[in-house]
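Asks: Take this structure first; my questions come after.
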Amino acid sequence: MEDIKKVDTEETEEVSEGKSVVSGVINKASAVILIAAVIFTVYVMINAARGQAVNVFGNYVLRVMTGSMEPSIHVDDYIIVRKTAVSKLKEGDVISFYSEDGDAAGKLVTHRITALNDDGTFVTKGDANDIADKKSIRSDQIVGKYIRKSRFFKWINSFANAKKLLLVLVIIPLTIVALYEVRTVTKLGIEARLEDKQEYEEKKQELIREAIEKEKQRLAEEAAASAGKENKHEPREDNEEKDG
């Protein structure tokens, strides 16, 4: 019985150690992913604020600096632009490109293609503008085709607002701390229940062992008593035989 109990205890300890190792690995991996996500977000935000496109696995994230594409795309919107073969671009597509037109020269501009020239260049115009861009766009100027807006980066950028900044710096950290404390208390409660259960099982096994030992002792006493009675009867029979 003691050997079985020892084996069960060892198996329980091994399972607990395994769970602790897995939990530790998951926590570390989560921390690494979180840190990487924060670094990536900051990197994108800084480059976008400088008017540069950030390449992320073939897609680009950039920030719209003007309202030339209103109401489709607003100022300070973050958009996703996908690198696309020039041959697949057509009239009506919205593209991002490095402009060579006047004050916008050298800057990223996102406008709609309104016509295709015979020489392979594109005529572009902002939806909110009355006239097309003065210079046609060559293929080497194009970053990619507009796919959609990025709500995540716009949401992050909106924390320049004082109330939202308070939310980020105070309320969210406090919530995280509170959740951590709840998790800790819950973990302690679970551990306490496991310890109580283990103590109960140990007490139960001890009572079972005591009951078994008492039963063994009782059976031994009964066997001894029976043997004693038999021994008392045997001499009497011998004497009766002699008397006969």
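FYI, nothing fancy with the structure tokens labels: chains A, B, ... in order, residues from 1 per chain, ligands from 1 as they appear.
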DSSP says strand (DSSP E) for which residues of segment 55-244 of chain A? Put them as a short mmCIF file (atom, residue, chain, number, x, y, z; two decimals) with N, CA and C atoms, in the first residue's frame?
Replies:
data_model
loop_
_atom_site.label_atom_id
_atom_site.label_comp_id
_atom_site.auth_asym_id
_atom_site.auth_seq_id
_atom_site.Cartn_x
_atom_site.Cartn_y
_atom_site.Cartn_z
N ASN A 55 7.07 48.23 -44.81
CA ASN A 55 6.79 46.96 -45.47
C ASN A 55 6.61 45.86 -44.44
N VAL A 56 5.44 45.22 -44.48
CA VAL A 56 5.13 44.12 -43.56
C VAL A 56 4.66 42.94 -44.40
N ASN A 59 2.94 43.83 -47.63
CA ASN A 59 1.98 44.93 -47.48
C ASN A 59 2.67 46.12 -46.84
N TYR A 60 2.15 47.29 -47.11
CA TYR A 60 2.72 48.51 -46.55
C TYR A 60 1.67 49.20 -45.68
N VAL A 61 2.15 49.77 -44.58
CA VAL A 61 1.30 50.57 -43.71
C VAL A 61 1.77 52.01 -43.81
N LEU A 62 0.86 52.91 -44.12
CA LEU A 62 1.24 54.32 -44.19
C LEU A 62 0.11 55.21 -43.69
N ARG A 63 0.49 56.41 -43.34
CA ARG A 63 -0.47 57.36 -42.77
C ARG A 63 -0.81 58.42 -43.80
N TYR A 78 -4.82 55.44 -41.23
CA TYR A 78 -3.73 54.52 -41.55
C TYR A 78 -4.28 53.51 -42.54
N ILE A 79 -3.57 53.33 -43.64
CA ILE A 79 -4.08 52.45 -44.69
C ILE A 79 -3.10 51.33 -44.99
N ILE A 80 -3.66 50.24 -45.50
CA ILE A 80 -2.86 49.09 -45.92
C ILE A 80 -2.76 49.13 -47.45
N VAL A 81 -1.53 49.10 -47.93
CA VAL A 81 -1.27 49.14 -49.37
C VAL A 81 -0.51 47.88 -49.75
N ARG A 82 -1.00 47.18 -50.76
CA ARG A 82 -0.38 45.91 -51.16
C ARG A 82 0.42 46.10 -52.45
N VAL A 94 -7.12 52.76 -56.42
CA VAL A 94 -6.44 53.79 -55.61
C VAL A 94 -5.03 53.28 -55.33
N ILE A 95 -4.05 54.10 -55.65
CA ILE A 95 -2.67 53.69 -55.46
C ILE A 95 -1.91 54.70 -54.60
N SER A 96 -0.85 54.22 -53.98
CA SER A 96 0.05 55.09 -53.22
C SER A 96 1.37 55.16 -53.99
N PHE A 97 1.91 56.35 -54.09
CA PHE A 97 3.13 56.55 -54.88
C PHE A 97 3.92 57.73 -54.34
N TYR A 98 5.19 57.77 -54.71
CA TYR A 98 6.04 58.90 -54.35
C TYR A 98 5.88 59.96 -55.44
N LEU A 108 4.80 60.66 -50.02
CA LEU A 108 3.85 59.62 -50.37
C LEU A 108 2.47 60.23 -50.58
N VAL A 109 1.86 59.88 -51.69
CA VAL A 109 0.53 60.39 -52.02
C VAL A 109 -0.35 59.20 -52.38
N THR A 110 -1.60 59.25 -51.96
CA THR A 110 -2.56 58.20 -52.29
C THR A 110 -3.70 58.82 -53.09
N HIS A 111 -3.76 58.50 -54.38
CA HIS A 111 -4.80 59.04 -55.26
C HIS A 111 -5.38 57.92 -56.12
N ARG A 112 -6.47 58.26 -56.81
CA ARG A 112 -7.16 57.30 -57.65
C ARG A 112 -6.69 57.40 -59.11
N ILE A 113 -6.54 56.24 -59.78
CA ILE A 113 -6.19 56.24 -61.20
C ILE A 113 -7.42 56.63 -62.01
N THR A 114 -7.26 57.66 -62.81
CA THR A 114 -8.38 58.12 -63.64
C THR A 114 -8.20 57.78 -65.12
N ALA A 115 -6.96 57.46 -65.51
CA ALA A 115 -6.72 57.10 -66.91
C ALA A 115 -5.36 56.41 -67.04
N LEU A 116 -5.21 55.61 -68.10
CA LEU A 116 -3.96 54.93 -68.41
C LEU A 116 -3.41 55.51 -69.71
N PHE A 122 0.36 56.49 -65.48
CA PHE A 122 -1.00 56.61 -64.98
C PHE A 122 -1.35 58.06 -64.67
N VAL A 123 -2.57 58.42 -65.00
CA VAL A 123 -3.10 59.73 -64.61
C VAL A 123 -3.85 59.51 -63.30
N THR A 124 -3.56 60.34 -62.31
CA THR A 124 -4.18 60.17 -60.99
C THR A 124 -4.82 61.47 -60.52
N LYS A 125 -5.77 61.32 -59.60
CA LYS A 125 -6.45 62.49 -59.05
C LYS A 125 -7.04 62.15 -57.68
N ILE A 142 5.41 53.85 -57.91
CA ILE A 142 4.26 53.25 -57.22
C ILE A 142 4.71 52.32 -56.10
N VAL A 143 4.12 52.53 -54.92
CA VAL A 143 4.36 51.65 -53.76
C VAL A 143 3.42 50.46 -53.82
N GLY A 144 2.14 50.70 -54.12
CA GLY A 144 1.20 49.60 -54.18
C GLY A 144 -0.24 50.08 -54.29
N LYS A 145 -1.14 49.12 -54.25
CA LYS A 145 -2.56 49.40 -54.39
C LYS A 145 -3.23 49.44 -53.01
N TYR A 146 -4.07 50.47 -52.83
CA TYR A 146 -4.80 50.61 -51.57
C TYR A 146 -5.76 49.44 -51.39
N ILE A 147 -5.71 48.81 -50.18
CA ILE A 147 -6.56 47.65 -49.88
C ILE A 147 -7.66 48.03 -48.89
N ARG A 148 -7.26 48.61 -47.79
CA ARG A 148 -8.23 48.97 -46.75
C ARG A 148 -7.58 49.86 -45.71
N LYS A 149 -8.39 50.34 -44.78
CA LYS A 149 -7.88 51.14 -43.66
C LYS A 149 -7.45 50.21 -42.53
#
Asks: What residues in segment 32-160 of chain A get the DSSP label alpha helix (DSSP H)? Please answer as a list of chain:residue names.
Replies: A:Val32, A:Ile33, A:Leu34, A:Ile35, A:Ala36, A:Ala37, A:Val38, A:Ile39, A:Phe40, A:Thr41, A:Val42, A:Tyr43, A:Val44, A:Met45, A:Ile46, A:Asn47, A:Ala48, A:Ala49, A:Arg151, A:Phe152, A:Phe153, A:Lys154, A:Trp155, A:Ile156, A:Asn157
Asks: What would the file look like if the residues just selected were written as a JSON list (two decimals), in the first residue's frame with C-alpha atoms?
Replies:
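File part.json, as written:
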[["chain", "number", "residue", "atom", "x", "y", "z"],
["A", 32, "VAL", "CA", 8.02, 37.95, -25.96],
["A", 33, "ILE", "CA", 5.07, 38.25, -28.38],
["A", 34, "LEU", "CA", 3.70, 41.25, -26.48],
["A", 35, "ILE", "CA", 7.07, 43.02, -26.46],
["A", 36, "ALA", "CA", 7.57, 42.29, -30.18],
["A", 37, "ALA", "CA", 4.07, 43.63, -30.95],
["A", 38, "VAL", "CA", 4.76, 46.83, -29.00],
["A", 39, "ILE", "CA", 8.12, 47.36, -30.73],
["A", 40, "PHE", "CA", 6.55, 46.73, -34.15],
["A", 41, "THR", "CA", 3.68, 49.12, -33.43],
["A", 42, "VAL", "CA", 6.04, 51.89, -32.30],
["A", 43, "TYR", "CA", 8.24, 51.31, -35.36],
["A", 44, "VAL", "CA", 5.26, 51.60, -37.72],
["A", 45, "MET", "CA", 3.91, 54.70, -35.95],
["A", 46, "ILE", "CA", 7.28, 56.51, -36.06],
["A", 47, "ASN", "CA", 7.90, 55.76, -39.74],
["A", 48, "ALA", "CA", 4.32, 56.59, -40.71],
["A", 49, "ALA", "CA", 4.59, 59.94, -38.91],
["A", 151, "ARG", "CA", -8.41, 50.62, -37.57],
["A", 152, "PHE", "CA", -5.80, 49.38, -35.12],
["A", 153, "PHE", "CA", -3.14, 51.97, -35.92],
["A", 154, "LYS", "CA", -5.69, 54.76, -36.09],
["A", 155, "TRP", "CA", -6.94, 53.69, -32.67],
["A", 156, "ILE", "CA", -3.39, 53.73, -31.30],
["A", 157, "ASN", "CA", -2.78, 57.15, -32.84]]
Asks: Counting only C-alpha atoms, which residue out of A:Gln205, A:Glu215, A:Glu195, A:Asp130 sits closest to Met69 of chain A?
Replies: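 Of the candidates, the smallest distance to Met69 of chain A is held by A:Asp130.
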Asks: Between atom CA of Ser72 of chain A and atom CA of Gly120 of chain A, measure the distance and give it in Å to one decimal.
Replies: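 If I compute the distance from atom CA of Ser72 of chain A to atom CA of Gly120 of chain A, I get 26.2 Å.
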Asks: For Asp93 of chain A, which residue among A:Gly189, A:Gly58, A:Gly51, A:Gly126 is the nearest when counting only C-alpha atoms?
Replies: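 Going through A:Gly189, A:Gly58, A:Gly51, A:Gly126 one by one, the smallest distance to Asp93 of chain A is for A:Gly126.
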